Amino acid sequence: MISIHLIAAARPNFMKVAPLFHALNKTDWARPLLVHTGQHYDHNMSDAILQDLKVPAPEFHLGVGSGSHAEQTGSVMIEYEKICVEHRPDWIVVVGDVNSTAACAMVGAKLWIPVVHLEAGLRSGDRRMPEEINRLVTDAIVDVLWTPSEDADENLVGEGVPAEKIDRIGNIMIDSFEMLRDTIEAANTQEQLGLTPGNYALVTLHRPSNVDAAEALAPIVDALVDASQRLPIVFVAHPRTIKGLSKFKLESRLTESANVTLLEPLPYVQFMNLVTGAKVVITDSGGLQEETTYLGIPCLTLRENTERPITVSIGTNKLIDASILAENLTAILDGNWPSGQRPPLWDGKTADRAVAALKQRSGL
Ligand code: UD1
């Protein structure tokens, strides 16, 4: 049996490691061990999501918590190195682009433990984003790069990554959705909130560029309040956003609007139930740009760039700023929006391709 550490740190990582965990667990040659770095620790940002995804409690929990980028990255390296020295795994799989991704990749690379990056090759081209730095660092040092789409392969080859290190396996987050589709569709979150399917906007925000400064957040809040006069709005706010709304005294503008429901983070199944019924999703999340393209739901992304351009070129996504939210909402309400296509290999079978690739690379 070969042992494989699956690193999970923050909310968007859990839906990427879960399908791989389950697929590896079914084999007779691999033993997946979940390592939770503790970057996200609130119940609904972490444990509740793992429970929804039927993943057992992590084998190792590093408990690093919040901090500056250097503190978080450094603490993960210090704690994870100890685990690797004591329980040397045969492979480490890091996912996504959070601080823990780069930190654990560095630990593995320096201990000569082979590292795979799941969701490699994504590039926004914007080095002001901490996630872009994490992507660049991780992809430069790992041994195997698992990509979701052709544009990611092209980015890597353009940066000098040898083609033989790249396996295009598809988008694993779609596997989580397909695994739980029936449960998601049967959940009553929309009903509980008094929402009519196909008649509300779902909003999430958490990027520092949108929520850490009043000059950025206030116009977004105003545009949302304005939009709520045409369509009920459900705003599921990240802890970082809740802090921003409160610090800049913007919370009451939302809570005093009759057509806005402001909620704390939700577990995966409840949240995805809201996504499936939305007329439009307004977000700055990476994962939601992909999930909406997969589901054919219009997505308005409040960012200047995206590391997931395929969601714009063939999907349902559009990059906007708050000043043009209203006109885009009109287009969506009038039915003037592309229905989009699902990118190749976004099919719910990515974990199986990942397992096959790992088996081959392990010489089994
Ligand atoms: C992190 C990732 C980002 C990812 C996002 C998804 C990095 C650099 N950023 O950003 O790529 O898209 O997660 O959610 O790794 N907090 C809580 N409870 C929690 C987690 C965080 O209250 O469970 C608070 C923290 O104290 C902090 C804020 O939320 O003040 C931000 O958390 P942090 O992990 O630093 O970054 P995210 O914005 O979540």
# chains A, B, ... in the order shown; residues from 1 in each chain; ligands from 1

call {"tool": "residues_near_ligand", "arguments": {"ligand": "ligand 1", "cutoff": "10 Å", "atoms": "only C-alpha atoms and all ligand atoms", "output": "PyMOL selection string"}}
result
chain A and resi 9-13+38-47+65-69+72-73+96-102+129-134+205-208+211-212+238-244+265+284-287

call {"tool": "residues_around", "arguments": {"residues": "Lys349 (chain A)", "least_positions_apart": "2", "cutoff": "12 Å", "atoms": "only C-alpha atoms", "output": "number ranges by chain"}}
result
A: 19-20, 23, 148, 169-179, 344-347, 351-356

call {"tool": "residues_around", "arguments": {"residues": "region 325-334 of chain A", "least_positions_apart": "3", "cutoff": "12 Å", "atoms": "only C-alpha atoms", "output": "PyMOL selection string"}}
result
chain A and resi 198-201+219-231+278-283+297-303+316-322+337-339

call {"tool": "write_last_selection", "arguments": {"atoms": "N, CA, C and O atoms", "output": "compact mmCIF listing (two decimals), in the first residue's frame"}}
result
# COMPACT_ATOMS: atom_id res chain seq x y z
N GLY A 198 -35.50 29.86 -9.46
CA GLY A 198 -35.37 30.64 -10.69
C GLY A 198 -35.73 32.10 -10.54
O GLY A 198 -35.80 32.84 -11.52
N ASN A 199 -35.94 32.53 -9.30
CA ASN A 199 -36.36 33.92 -9.11
C ASN A 199 -35.60 34.62 -7.98
O ASN A 199 -36.19 35.33 -7.18
N TYR A 200 -34.31 34.37 -7.90
CA TYR A 200 -33.50 35.11 -6.93
C TYR A 200 -32.05 35.14 -7.39
O TYR A 200 -31.64 34.31 -8.22
N ALA A 201 -31.32 36.09 -6.86
CA ALA A 201 -29.87 36.18 -7.13
C ALA A 201 -29.13 35.69 -5.89
O ALA A 201 -29.48 36.05 -4.77
N PRO A 219 -19.64 50.56 -3.12
CA PRO A 219 -20.38 50.57 -4.39
C PRO A 219 -21.00 49.21 -4.72
O PRO A 219 -22.07 49.16 -5.35
N ILE A 220 -20.38 48.14 -4.27
CA ILE A 220 -20.96 46.82 -4.53
C ILE A 220 -22.25 46.67 -3.72
O ILE A 220 -23.29 46.25 -4.24
N VAL A 221 -22.19 47.08 -2.45
CA VAL A 221 -23.39 47.00 -1.60
C VAL A 221 -24.52 47.84 -2.20
O VAL A 221 -25.66 47.40 -2.30
N ASP A 222 -24.19 49.04 -2.65
CA ASP A 222 -25.22 49.91 -3.25
C ASP A 222 -25.83 49.25 -4.49
O ASP A 222 -27.05 49.28 -4.68
N ALA A 223 -24.97 48.66 -5.32
CA ALA A 223 -25.48 48.02 -6.55
C ALA A 223 -26.36 46.83 -6.21
O ALA A 223 -27.37 46.57 -6.88
N LEU A 224 -26.02 46.11 -5.14
CA LEU A 224 -26.84 44.96 -4.75
C LEU A 224 -28.19 45.41 -4.20
O LEU A 224 -29.23 44.83 -4.53
N VAL A 225 -28.17 46.46 -3.39
CA VAL A 225 -29.43 46.97 -2.83
C VAL A 225 -30.34 47.43 -3.98
O VAL A 225 -31.54 47.15 -4.01
N ASP A 226 -29.73 48.10 -4.94
CA ASP A 226 -30.47 48.55 -6.12
C ASP A 226 -31.06 47.34 -6.88
O ASP A 226 -32.25 47.33 -7.22
N ALA A 227 -30.23 46.33 -7.07
CA ALA A 227 -30.68 45.13 -7.82
C ALA A 227 -31.81 44.41 -7.08
O ALA A 227 -32.69 43.81 -7.71
N SER A 228 -31.80 44.50 -5.76
CA SER A 228 -32.80 43.76 -4.96
C SER A 228 -34.21 44.30 -5.21
O SER A 228 -35.19 43.65 -4.86
N GLN A 229 -34.31 45.49 -5.82
CA GLN A 229 -35.65 45.98 -6.14
C GLN A 229 -36.23 45.22 -7.33
O GLN A 229 -37.43 45.28 -7.59
N ARG A 230 -35.36 44.51 -8.05
CA ARG A 230 -35.86 43.76 -9.21
C ARG A 230 -35.89 42.25 -8.97
O ARG A 230 -36.62 41.53 -9.64
N LEU A 231 -35.05 41.79 -8.04
CA LEU A 231 -34.91 40.34 -7.81
C LEU A 231 -34.49 40.13 -6.36
O LEU A 231 -33.55 40.81 -5.90
N ALA A 278 -30.75 29.36 -8.48
CA ALA A 278 -30.55 30.81 -8.69
C ALA A 278 -30.80 31.21 -10.14
O ALA A 278 -30.48 30.47 -11.07
N LYS A 279 -31.37 32.39 -10.32
CA LYS A 279 -31.51 32.98 -11.66
C LYS A 279 -30.14 33.47 -12.14
O LYS A 279 -29.80 33.41 -13.31
N VAL A 280 -29.37 33.99 -11.16
CA VAL A 280 -28.04 34.51 -11.46
C VAL A 280 -27.20 34.40 -10.18
O VAL A 280 -27.73 34.53 -9.08
N VAL A 281 -25.92 34.17 -10.38
CA VAL A 281 -24.99 34.18 -9.24
C VAL A 281 -24.07 35.39 -9.42
O VAL A 281 -23.55 35.62 -10.52
N ILE A 282 -23.93 36.17 -8.36
CA ILE A 282 -23.04 37.34 -8.38
C ILE A 282 -21.93 37.04 -7.37
O ILE A 282 -22.21 36.79 -6.19
N THR A 283 -20.67 37.03 -7.81
CA THR A 283 -19.63 36.45 -6.95
C THR A 283 -18.25 36.98 -7.30
O THR A 283 -18.06 37.65 -8.33
N ILE A 297 -25.94 28.33 -15.38
CA ILE A 297 -26.57 29.47 -14.69
C ILE A 297 -25.73 30.73 -14.96
O ILE A 297 -24.50 30.69 -14.82
N PRO A 298 -26.37 31.84 -15.33
CA PRO A 298 -25.59 33.07 -15.56
C PRO A 298 -24.79 33.47 -14.31
O PRO A 298 -25.29 33.37 -13.19
N CYS A 299 -23.54 33.90 -14.54
CA CYS A 299 -22.68 34.28 -13.43
C CYS A 299 -22.06 35.64 -13.72
O CYS A 299 -21.49 35.86 -14.80
N LEU A 300 -22.19 36.57 -12.78
CA LEU A 300 -21.55 37.89 -12.89
C LEU A 300 -20.42 37.92 -11.87
O LEU A 300 -20.65 37.84 -10.67
N THR A 301 -19.19 37.99 -12.38
CA THR A 301 -18.03 37.91 -11.51
C THR A 301 -17.45 39.31 -11.30
O THR A 301 -17.02 39.96 -12.26
N LEU A 302 -17.45 39.74 -10.05
CA LEU A 302 -16.98 41.09 -9.72
C LEU A 302 -15.46 41.10 -9.58
O LEU A 302 -14.90 41.20 -8.49
N ARG A 303 -14.79 40.92 -10.71
CA ARG A 303 -13.32 40.92 -10.74
C ARG A 303 -12.85 41.48 -12.07
O ARG A 303 -13.58 41.46 -13.05
N THR A 316 -20.95 30.51 -18.90
CA THR A 316 -22.01 31.49 -18.66
C THR A 316 -21.52 32.68 -17.86
O THR A 316 -22.31 33.46 -17.33
N ASN A 317 -20.19 32.82 -17.75
CA ASN A 317 -19.60 33.80 -16.84
C ASN A 317 -19.24 35.10 -17.56
O ASN A 317 -18.87 35.08 -18.73
N LYS A 318 -19.34 36.22 -16.83
CA LYS A 318 -18.87 37.50 -17.38
C LYS A 318 -18.21 38.29 -16.26
O LYS A 318 -18.72 38.32 -15.12
N LEU A 319 -17.07 38.91 -16.56
CA LEU A 319 -16.38 39.74 -15.57
C LEU A 319 -16.96 41.15 -15.65
O LEU A 319 -17.05 41.72 -16.73
N ILE A 320 -17.34 41.67 -14.48
CA ILE A 320 -17.95 43.02 -14.50
C ILE A 320 -17.45 43.81 -13.29
O ILE A 320 -16.84 43.25 -12.38
N ASP A 321 -17.73 45.11 -13.26
CA ASP A 321 -17.60 45.83 -12.00
C ASP A 321 -18.98 46.33 -11.59
O ASP A 321 -19.94 46.28 -12.37
N ALA A 322 -19.07 46.78 -10.34
CA ALA A 322 -20.38 47.07 -9.76
C ALA A 322 -21.16 48.08 -10.59
O ALA A 322 -22.40 48.04 -10.63
N TRP A 337 -28.80 35.95 -22.53
CA TRP A 337 -27.55 35.48 -21.92
C TRP A 337 -27.19 34.14 -22.55
O TRP A 337 -28.07 33.30 -22.77
N PRO A 338 -25.90 33.91 -22.83
CA PRO A 338 -25.55 32.61 -23.43
C PRO A 338 -25.86 31.45 -22.48
O PRO A 338 -25.64 31.57 -21.27
N SER A 339 -26.35 30.35 -23.03
CA SER A 339 -26.60 29.20 -22.15
C SER A 339 -25.31 28.44 -21.87
O SER A 339 -25.23 27.67 -20.93

call {"tool": "select_by_dssp", "arguments": {"residues": "region 149-291 of chain A", "states": "strand (DSSP E or B)", "output": "count of residues only"}}
result
18

call {"tool": "decode", "arguments": {"residues": "region 74-85 of chain A", "atoms": "all heavy atoms", "output": "short mmCIF file (atom, residue, chain, number, x, y, z; two decimals), in the first residue's frame"}}
result
data_model
loop_
_atom_site.label_atom_id
_atom_site.label_comp_id
_atom_site.auth_asym_id
_atom_site.auth_seq_id
_atom_site.Cartn_x
_atom_site.Cartn_y
_atom_site.Cartn_z
N GLY A 74 4.14 30.06 7.01
CA GLY A 74 5.24 29.57 7.86
C GLY A 74 4.75 28.52 8.86
O GLY A 74 5.38 27.47 9.03
N SER A 75 3.60 28.77 9.50
CA SER A 75 3.10 27.81 10.49
C SER A 75 2.77 26.48 9.84
O SER A 75 3.05 25.43 10.40
CB SER A 75 1.82 28.33 11.17
OG SER A 75 2.06 29.57 11.74
N VAL A 76 2.17 26.53 8.65
CA VAL A 76 1.84 25.27 7.96
C VAL A 76 3.14 24.51 7.65
O VAL A 76 3.23 23.30 7.88
CB VAL A 76 1.03 25.52 6.66
CG1 VAL A 76 0.88 24.24 5.86
CG2 VAL A 76 -0.34 26.09 6.99
N MET A 77 4.16 25.22 7.18
CA MET A 77 5.42 24.54 6.84
C MET A 77 6.04 23.89 8.08
O MET A 77 6.47 22.73 8.06
CB MET A 77 6.42 25.52 6.21
CG MET A 77 6.05 25.91 4.80
SD MET A 77 7.34 26.88 3.98
CE MET A 77 8.58 25.62 3.68
N ILE A 78 6.06 24.64 9.18
CA ILE A 78 6.67 24.11 10.41
C ILE A 78 5.94 22.85 10.88
O ILE A 78 6.55 21.83 11.17
CB ILE A 78 6.66 25.20 11.52
CG1 ILE A 78 7.62 26.33 11.14
CG2 ILE A 78 7.03 24.61 12.88
CD1 ILE A 78 7.44 27.61 11.96
N GLU A 79 4.63 22.93 10.91
CA GLU A 79 3.85 21.80 11.44
C GLU A 79 3.83 20.62 10.47
O GLU A 79 3.93 19.47 10.88
CB GLU A 79 2.40 22.24 11.75
CG GLU A 79 2.29 23.28 12.86
CD GLU A 79 3.03 22.86 14.13
OE1 GLU A 79 2.92 21.68 14.52
OE2 GLU A 79 3.73 23.71 14.71
N TYR A 80 3.71 20.91 9.16
CA TYR A 80 3.61 19.80 8.22
C TYR A 80 4.95 19.08 8.05
O TYR A 80 5.00 17.86 7.86
CB TYR A 80 3.06 20.28 6.87
CG TYR A 80 2.80 19.12 5.93
CD1 TYR A 80 2.04 18.03 6.35
CD2 TYR A 80 3.35 19.09 4.65
CE1 TYR A 80 1.82 16.94 5.51
CE2 TYR A 80 3.12 18.02 3.81
CZ TYR A 80 2.37 16.94 4.25
OH TYR A 80 2.16 15.86 3.42
N GLU A 81 6.04 19.82 8.16
CA GLU A 81 7.36 19.18 8.05
C GLU A 81 7.53 18.10 9.13
O GLU A 81 8.04 17.01 8.88
CB GLU A 81 8.47 20.23 8.17
CG GLU A 81 9.85 19.66 7.93
CD GLU A 81 10.94 20.69 8.14
OE1 GLU A 81 11.02 21.26 9.25
OE2 GLU A 81 11.70 20.95 7.19
N LYS A 82 7.05 18.41 10.35
CA LYS A 82 7.17 17.43 11.44
C LYS A 82 6.44 16.14 11.08
O LYS A 82 6.92 15.04 11.31
CB LYS A 82 6.55 17.99 12.74
CG LYS A 82 7.30 19.16 13.34
CD LYS A 82 6.57 19.63 14.59
CE LYS A 82 6.99 21.04 14.98
NZ LYS A 82 6.04 21.73 15.84
N ILE A 83 5.24 16.30 10.49
CA ILE A 83 4.45 15.12 10.13
C ILE A 83 5.13 14.32 9.04
O ILE A 83 5.21 13.10 9.09
CB ILE A 83 3.03 15.57 9.71
CG1 ILE A 83 2.31 16.04 10.97
CG2 ILE A 83 2.25 14.45 9.03
CD1 ILE A 83 0.95 16.57 10.75
N CYS A 84 5.69 15.04 8.06
CA CYS A 84 6.35 14.34 6.95
C CYS A 84 7.61 13.60 7.42
O CYS A 84 7.93 12.52 6.93
CB CYS A 84 6.72 15.32 5.84
SG CYS A 84 5.31 15.77 4.85
N VAL A 85 8.31 14.20 8.35
CA VAL A 85 9.53 13.55 8.84
C VAL A 85 9.15 12.26 9.59
O VAL A 85 9.76 11.22 9.44
CB VAL A 85 10.34 14.52 9.74
CG1 VAL A 85 11.43 13.80 10.50
CG2 VAL A 85 10.92 15.64 8.87
#
